[in-house]
file model.pdb (PDB, C-alpha atoms, pLDDT in the B column)
ATOM      1  CA  GLY E  22      71.579  16.585  30.147  1.00 80.00           C
ATOM      2  CA  ALA E  23      71.431  14.118  33.044  1.00 88.00           C
ATOM      3  CA  VAL E  24      74.559  15.594  34.657  1.00 88.00           C
ATOM      4  CA  ALA E  25      73.116  19.111  34.506  1.00 83.00           C
ATOM      5  CA  LEU E  26      69.826  17.889  35.942  1.00 84.00           C
ATOM      6  CA  GLN E  27      71.595  16.160  38.816  1.00 87.00           C
ATOM      7  CA  ALA E  28      73.695  19.271  39.494  1.00 83.00           C
ATOM      8  CA  ALA E  29      70.543  21.403  39.625  1.00 82.00           C
ATOM      9  CA  TYR E  30      68.949  19.063  42.150  1.00 84.00           C
ATOM     10  CA  ASP E  31      72.101  18.759  44.234  1.00 86.00           C
ATOM     11  CA  HIS E  32      73.247  22.396  44.190  1.00 84.00           C
ATOM     12  CA  GLY E  33      70.286  24.500  43.031  1.00 85.00           C
ATOM     13  CA  GLU E  34      68.685  25.355  46.353  1.00 90.00           C
ATOM     14  CA  GLU E  35      70.749  28.498  46.960  1.00 90.00           C
ATOM     15  CA  TRP E  36      69.940  29.769  43.463  1.00 90.00           C
ATOM     16  CA  LEU E  37      66.237  29.050  43.998  1.00 91.00           C
ATOM     17  CA  VAL E  38      66.210  30.867  47.345  1.00 93.00           C
ATOM     18  CA  GLN E  39      67.897  33.899  45.748  1.00 94.00           C
ATOM     19  CA  LEU E  40      65.445  33.841  42.841  1.00 94.00           C
ATOM     20  CA  LEU E  41      62.421  33.732  45.132  1.00 95.00           C
ATOM     21  CA  GLU E  42      63.817  36.603  47.235  1.00 97.00           C
ATOM     22  CA  TYR E  43      64.389  38.649  44.082  1.00 97.00           C
ATOM     23  CA  LEU E  44      60.846  38.005  42.858  1.00 97.00           C
ATOM     24  CA  GLU E  45      59.440  38.941  46.275  1.00 97.00           C
ATOM     25  CA  GLY E  46      61.441  42.177  46.083  1.00 98.00           C
ATOM     26  CA  ASN E  47      60.045  42.949  42.638  1.00 98.00           C
ATOM     27  CA  LEU E  48      56.513  42.271  43.862  1.00 98.00           C
ATOM     28  CA  ALA E  49      57.007  44.543  46.878  1.00 98.00           C
ATOM     29  CA  TYR E  50      58.393  47.253  44.589  1.00 99.00           C
ATOM     30  CA  LEU E  51      55.423  46.893  42.207  1.00 99.00           C
ATOM     31  CA  GLU E  52      52.859  47.069  45.001  1.00 98.00           C
ATOM     32  CA  LYS E  53      54.484  50.105  46.630  1.00 98.00           C
ATOM     33  CA  TYR E  54      55.013  51.940  43.336  1.00 99.00           C
ATOM     34  CA  VAL E  55      51.432  51.422  42.193  1.00 98.00           C
ATOM     35  CA  ALA E  56      50.017  52.470  45.584  1.00 98.00           C
ATOM     36  CA  GLU E  57      52.138  55.636  45.667  1.00 98.00           C
ATOM     37  CA  HIS E  58      52.275  56.687  42.001  1.00 98.00           C
ATOM     38  CA  ILE E  59      49.430  54.994  40.097  1.00 97.00           C
ATOM     39  CA  PRO E  60      46.536  54.823  42.585  1.00 97.00           C
ATOM     40  CA  GLN E  61      44.066  54.349  39.729  1.00 96.00           C
ATOM     41  CA  LEU E  62      45.379  50.785  39.418  1.00 98.00           C
ATOM     42  CA  THR E  63      45.082  47.961  41.908  1.00 98.00           C
ATOM     43  CA  VAL E  64      47.623  45.154  42.192  1.00 98.00           C
ATOM     44  CA  VAL E  65      46.036  41.728  42.582  1.00 98.00           C
ATOM     45  CA  HIS E  66      48.490  39.910  44.854  1.00 96.00           C
ATOM     46  CA  PRO E  67      49.545  36.712  43.051  1.00 95.00           C
ATOM     47  CA  GLU E  68      49.351  33.218  44.457  1.00 92.00           C
ATOM     48  CA  GLY E  69      52.525  31.383  43.524  1.00 89.00           C
ATOM     49  CA  THR E  70      53.463  33.052  40.251  1.00 95.00           C
ATOM     50  CA  TYR E  71      55.539  35.908  38.891  1.00 97.00           C
ATOM     51  CA  LEU E  72      52.673  37.041  36.659  1.00 98.00           C
ATOM     52  CA  VAL E  73      50.735  39.796  38.414  1.00 98.00           C
ATOM     53  CA  TRP E  74      47.338  41.176  37.491  1.00 98.00           C
ATOM     54  CA  LEU E  75      46.795  44.933  37.437  1.00 98.00           C
ATOM     55  CA  ASP E  76      43.164  45.974  37.830  1.00 98.00           C
ATOM     56  CA  CYS E  77      42.783  48.935  35.479  1.00 98.00           C
ATOM     57  CA  ARG E  78      38.980  49.180  35.545  1.00 97.00           C
ATOM     58  CA  ALA E  79      38.987  52.510  37.412  1.00 96.00           C
ATOM     59  CA  LEU E  80      40.435  54.084  34.256  1.00 97.00           C
ATOM     60  CA  ARG E  81      37.074  53.391  32.566  1.00 96.00           C
ATOM     61  CA  LEU E  82      38.703  52.411  29.279  1.00 96.00           C
ATOM     62  CA  ASP E  83      37.304  49.729  27.020  1.00 95.00           C
ATOM     63  CA  LYS E  84      39.598  46.879  26.030  1.00 94.00           C
ATOM     64  CA  ARG E  85      40.666  48.583  22.803  1.00 95.00           C
ATOM     65  CA  GLU E  86      41.494  51.864  24.575  1.00 97.00           C
ATOM     66  CA  LEU E  87      43.377  50.089  27.367  1.00 97.00           C
ATOM     67  CA  LYS E  88      45.423  48.103  24.854  1.00 96.00           C
ATOM     68  CA  ARG E  89      46.245  51.312  22.963  1.00 97.00           C
ATOM     69  CA  LEU E  90      47.226  53.067  26.209  1.00 98.00           C
ATOM     70  CA  MET E  91      49.684  50.334  27.134  1.00 98.00           C
ATOM     71  CA  LEU E  92      51.117  49.645  23.675  1.00 97.00           C
ATOM     72  CA  GLU E  93      51.140  53.068  22.043  1.00 97.00           C
ATOM     73  CA  GLU E  94      51.320  55.512  24.933  1.00 97.00           C
ATOM     74  CA  ALA E  95      53.248  53.579  27.599  1.00 98.00           C
ATOM     75  CA  ARG E  96      55.120  51.459  25.028  1.00 98.00           C
ATOM     76  CA  VAL E  97      54.873  48.350  27.211  1.00 98.00           C
ATOM     77  CA  TYR E  98      53.491  44.988  26.220  1.00 97.00           C
ATOM     78  CA  LEU E  99      51.384  43.340  28.886  1.00 97.00           C
ATOM     79  CA  ASP E 100      48.990  40.417  28.614  1.00 96.00           C
ATOM     80  CA  GLU E 101      45.529  41.846  28.076  1.00 95.00           C
ATOM     81  CA  GLY E 102      43.038  40.356  30.489  1.00 94.00           C
ATOM     82  CA  PHE E 103      40.324  40.000  27.865  1.00 94.00           C
ATOM     83  CA  ILE E 104      42.265  37.242  26.108  1.00 94.00           C
ATOM     84  CA  PHE E 105      41.401  35.076  29.131  1.00 94.00           C
ATOM     85  CA  GLY E 106      37.662  35.759  28.816  1.00 94.00           C
ATOM     86  CA  SER E 107      35.208  38.587  29.347  1.00 93.00           C
ATOM     87  CA  GLU E 108      35.830  38.597  33.124  1.00 94.00           C
ATOM     88  CA  GLY E 109      39.408  39.672  32.365  1.00 94.00           C
ATOM     89  CA  GLU E 110      38.382  42.903  30.650  1.00 96.00           C
ATOM     90  CA  GLY E 111      39.949  45.889  32.371  1.00 97.00           C
ATOM     91  CA  PHE E 112      42.900  43.876  33.657  1.00 98.00           C
ATOM     92  CA  GLU E 113      46.491  43.692  32.421  1.00 98.00           C
ATOM     93  CA  ARG E 114      49.057  41.094  33.462  1.00 98.00           C
ATOM     94  CA  ILE E 115      52.674  42.072  34.079  1.00 98.00           C
ATOM     95  CA  ASN E 116      55.652  39.722  34.374  1.00 98.00           C
ATOM     96  CA  ILE E 117      57.828  40.628  37.368  1.00 98.00           C
ATOM     97  CA  ALA E 118      60.480  37.972  36.654  1.00 98.00           C
ATOM     98  CA  CYS E 119      62.732  40.581  35.096  1.00 98.00           C
ATOM     99  CA  PRO E 120      65.578  42.890  36.091  1.00 98.00           C
ATOM    100  CA  ARG E 121      64.364  45.541  38.540  1.00 98.00           C
ATOM    101  CA  ALA E 122      65.480  48.305  36.165  1.00 98.00           C
ATOM    102  CA  LEU E 123      63.122  46.966  33.491  1.00 98.00           C
ATOM    103  CA  LEU E 124      60.226  46.855  35.962  1.00 99.00           C
ATOM    104  CA  VAL E 125      60.981  50.427  37.076  1.00 98.00           C
ATOM    105  CA  GLU E 126      61.017  51.630  33.468  1.00 99.00           C
ATOM    106  CA  ALA E 127      57.753  49.861  32.627  1.00 99.00           C
ATOM    107  CA  LEU E 128      55.975  51.294  35.665  1.00 99.00           C
ATOM    108  CA  ASP E 129      57.293  54.797  34.950  1.00 98.00           C
ATOM    109  CA  ARG E 130      55.979  54.531  31.385  1.00 98.00           C
ATOM    110  CA  ILE E 131      52.579  53.311  32.555  1.00 98.00           C
ATOM    111  CA  ARG E 132      52.367  56.159  35.093  1.00 98.00           C
ATOM    112  CA  GLN E 133      53.256  58.745  32.448  1.00 97.00           C
ATOM    113  CA  ALA E 134      50.711  57.312  30.005  1.00 97.00           C
ATOM    114  CA  ILE E 135      47.955  57.446  32.624  1.00 97.00           C
ATOM    115  CA  GLU E 136      48.938  61.003  33.555  1.00 96.00           C
ATOM    116  CA  GLY E 137      48.380  61.886  29.889  1.00 95.00           C
ATOM    117  CA  LEU E 138      44.755  60.724  29.935  1.00 93.00           C
ATOM    118  CA  PRO E 139      41.907  63.247  30.093  1.00 87.00           C
ATOM    119  CA  GLY E 140      41.163  64.255  33.692  1.00 78.00           C
ATOM    120  CA  SER E 141      38.157  62.057  34.428  1.00 54.00           C
ATOM    121  CA  MET E 142      39.910  58.939  33.142  1.00 63.00           C
ATOM    122  CA  ARG E 143      43.206  59.799  34.813  1.00 63.00           C
ATOM    123  CA  GLU E 144      41.595  60.317  38.205  1.00 66.00           C
ATOM    124  CA  GLY E 145      39.639  57.073  38.047  1.00 63.00           C
ATOM    125  CA  ALA E 146      36.290  56.150  39.485  1.00 51.00           C
ATOM    126  CA  SER E 147      37.443  55.747  43.086  1.00 46.00           C
ATOM    127  CA  ARG E 148      38.646  59.322  43.344  1.00 47.00           C
ATOM    128  CA  GLU E 149      35.463  60.664  41.740  1.00 48.00           C
ATOM    129  CA  GLU E 150      33.293  58.686  44.149  1.00 48.00           C
ATOM    130  CA  SER E 151      35.224  59.926  47.196  1.00 46.00           C
ATOM    131  CA  ALA E 152      34.825  63.543  46.056  1.00 47.00           C
ATOM    132  CA  ALA E 153      31.043  63.213  45.635  1.00 46.00           C
TER     133      ALA E 153
END

call {"tool": "encode", "arguments": {"input": "model.pdb", "output": "structure tokens"}}
result
Amino acid sequence: GAVALQAAYDHGEEWLVQLLEYLEGNLAYLEKYVAEHIPQLTVVHPEGTYLVWLDCRALRLDKRELKRLMLEEARVYLDEGFIFGSEGEGFERINIACPRALLVEALDRIRQAIEGLPGSMREGASREESAA
């Protein structure tokens, strides 16, 4: 154990730099994808973590409906915001410390699930307000 720990301290910087670059790439991909393909959601830019909040409140789904949308329709498991308290309702947390292909698949599934919602939910509150 001590030898491995020493090796990590002595030779781990390059790995850490590559990891951080990869995570930054995944975050950039997530932010761009959501902005272009799932405008009903808002990415809350993280501060020092690979766990990213998605603001889903514009979908106007209660916590039970949002959980069903993600689990049953999109077939992705995200951390539901409500488990962190009532202020987390309407938020989902996604882990971006994963292979890019997995992130792409998850986002595609979420997009397809949202596209399957009835029109007023799919379009979200922000679009309805701008049309009024």

call {"tool": "resolve_selection", "arguments": {"input": "model.pdb", "expression": "the PyMOL selection byres ((chain E and resi 106-115) around 8)", "output": "VMD selection string"}}
result
chain E and resid 72 to 78 82 to 84 87 99 to 105 116 to 117

call {"tool": "write_last_selection", "arguments": {"input": "model.pdb", "atoms": "C-alpha atoms", "output": "PDB file, keeping the file's coordinate frame"}}
result
ATOM      1  CA  LEU E  72      52.673  37.041  36.659  1.00 98.00           C
ATOM      2  CA  VAL E  73      50.735  39.796  38.414  1.00 98.00           C
ATOM      3  CA  TRP E  74      47.338  41.176  37.491  1.00 98.00           C
ATOM      4  CA  LEU E  75      46.795  44.933  37.437  1.00 98.00           C
ATOM      5  CA  ASP E  76      43.164  45.974  37.830  1.00 98.00           C
ATOM      6  CA  CYS E  77      42.783  48.935  35.479  1.00 98.00           C
ATOM      7  CA  ARG E  78      38.980  49.180  35.545  1.00 97.00           C
ATOM      8  CA  LEU E  82      38.703  52.411  29.279  1.00 96.00           C
ATOM      9  CA  ASP E  83      37.304  49.729  27.020  1.00 95.00           C
ATOM     10  CA  LYS E  84      39.598  46.879  26.030  1.00 94.00           C
ATOM     11  CA  LEU E  87      43.377  50.089  27.367  1.00 97.00           C
ATOM     12  CA  LEU E  99      51.384  43.340  28.886  1.00 97.00           C
ATOM     13  CA  ASP E 100      48.990  40.417  28.614  1.00 96.00           C
ATOM     14  CA  GLU E 101      45.529  41.846  28.076  1.00 95.00           C
ATOM     15  CA  GLY E 102      43.038  40.356  30.489  1.00 94.00           C
ATOM     16  CA  PHE E 103      40.324  40.000  27.865  1.00 94.00           C
ATOM     17  CA  ILE E 104      42.265  37.242  26.108  1.00 94.00           C
ATOM     18  CA  PHE E 105      41.401  35.076  29.131  1.00 94.00           C
ATOM     19  CA  ASN E 116      55.652  39.722  34.374  1.00 98.00           C
ATOM     20  CA  ILE E 117      57.828  40.628  37.368  1.00 98.00           C
TER      21      ILE E 117
END

call {"tool": "closest_residue", "arguments": {"input": "model.pdb", "among": "E:Val64, E:Val97, E:Val38, E:Ala25", "to": "E:Leu123", "atoms": "all atoms listed in the file"}}
result
E:Val97

call {"tool": "closest_residue", "arguments": {"input": "model.pdb", "among": "E:Ile131, E:Leu124, E:Leu48, E:Gln39", "to": "E:Val65", "atoms": "all atoms listed in the file"}}
result
E:Leu48

call {"tool": "residues_near_point", "arguments": {"input": "model.pdb", "point": "(50.5, 59.8, 41.0)", "cutoff": "12 Å", "atoms": "all atoms listed in the file", "output": "list in words"}}
result
Lys53, Tyr54, Val55, Ala56, Glu57, His58, Ile59, Pro60, Gln61, Leu62, Leu128, Asp129, Ile131, Arg132, Gln133, Ala134, Ile135, Glu136, Gly137, Arg143, Glu144 and Gly145 of chain E

call {"tool": "atom_distance", "arguments": {"input": "model.pdb", "atom1": "atom CA of E:Ala29", "atom2": "atom CA of E:Pro120"}}
result
22.3 Å

call {"tool": "atom_distance", "arguments": {"input": "model.pdb", "atom1": "atom CA of E:Val125", "atom2": "atom CA of E:Asn47"}}
result
9.4 Å

call {"tool": "atom_distance", "arguments": {"input": "model.pdb", "atom1": "atom CA of E:Glu86", "atom2": "atom CA of E:Arg121"}}
result
27.5 Å

call {"tool": "closest_residue", "arguments": {"input": "model.pdb", "among": "E:Ala118, E:Ala95, E:Leu80, E:Ala23", "to": "E:Leu41", "atoms": "only C-alpha atoms"}}
result
E:Ala118

call {"tool": "build_atoms", "arguments": {"input": "model.pdb", "residues": "stretch 84-95 of chain E", "atoms": "N, CA and C atoms", "output": "short mmCIF file (atom, residue, chain, number, x, y, z; two decimals), in the frame of the given file"}}
result
data_model
loop_
_atom_site.label_atom_id
_atom_site.label_comp_id
_atom_site.auth_asym_id
_atom_site.auth_seq_id
_atom_site.Cartn_x
_atom_site.Cartn_y
_atom_site.Cartn_z
N LYS E 84 38.42 47.71 26.26
CA LYS E 84 39.60 46.88 26.03
C LYS E 84 40.48 47.42 24.91
N ARG E 85 39.89 48.01 23.90
CA ARG E 85 40.67 48.58 22.80
C ARG E 85 41.46 49.80 23.28
N GLU E 86 40.83 50.67 24.06
CA GLU E 86 41.49 51.86 24.58
C GLU E 86 42.61 51.50 25.56
N LEU E 87 42.36 50.51 26.40
CA LEU E 87 43.38 50.09 27.37
C LEU E 87 44.58 49.50 26.65
N LYS E 88 44.33 48.69 25.64
CA LYS E 88 45.42 48.10 24.85
C LYS E 88 46.24 49.21 24.18
N ARG E 89 45.55 50.20 23.61
CA ARG E 89 46.24 51.31 22.96
C ARG E 89 47.07 52.10 23.98
N LEU E 90 46.51 52.33 25.16
CA LEU E 90 47.23 53.07 26.21
C LEU E 90 48.54 52.37 26.54
N MET E 91 48.48 51.07 26.74
CA MET E 91 49.68 50.33 27.13
C MET E 91 50.68 50.21 25.98
N LEU E 92 50.20 49.86 24.80
CA LEU E 92 51.12 49.64 23.68
C LEU E 92 51.64 50.94 23.07
N GLU E 93 50.74 51.87 22.78
CA GLU E 93 51.14 53.07 22.04
C GLU E 93 51.60 54.22 22.93
N GLU E 94 50.95 54.40 24.06
CA GLU E 94 51.32 55.51 24.93
C GLU E 94 52.43 55.11 25.91
N ALA E 95 52.24 54.01 26.62
CA ALA E 95 53.25 53.58 27.60
C ALA E 95 54.39 52.82 26.93
#
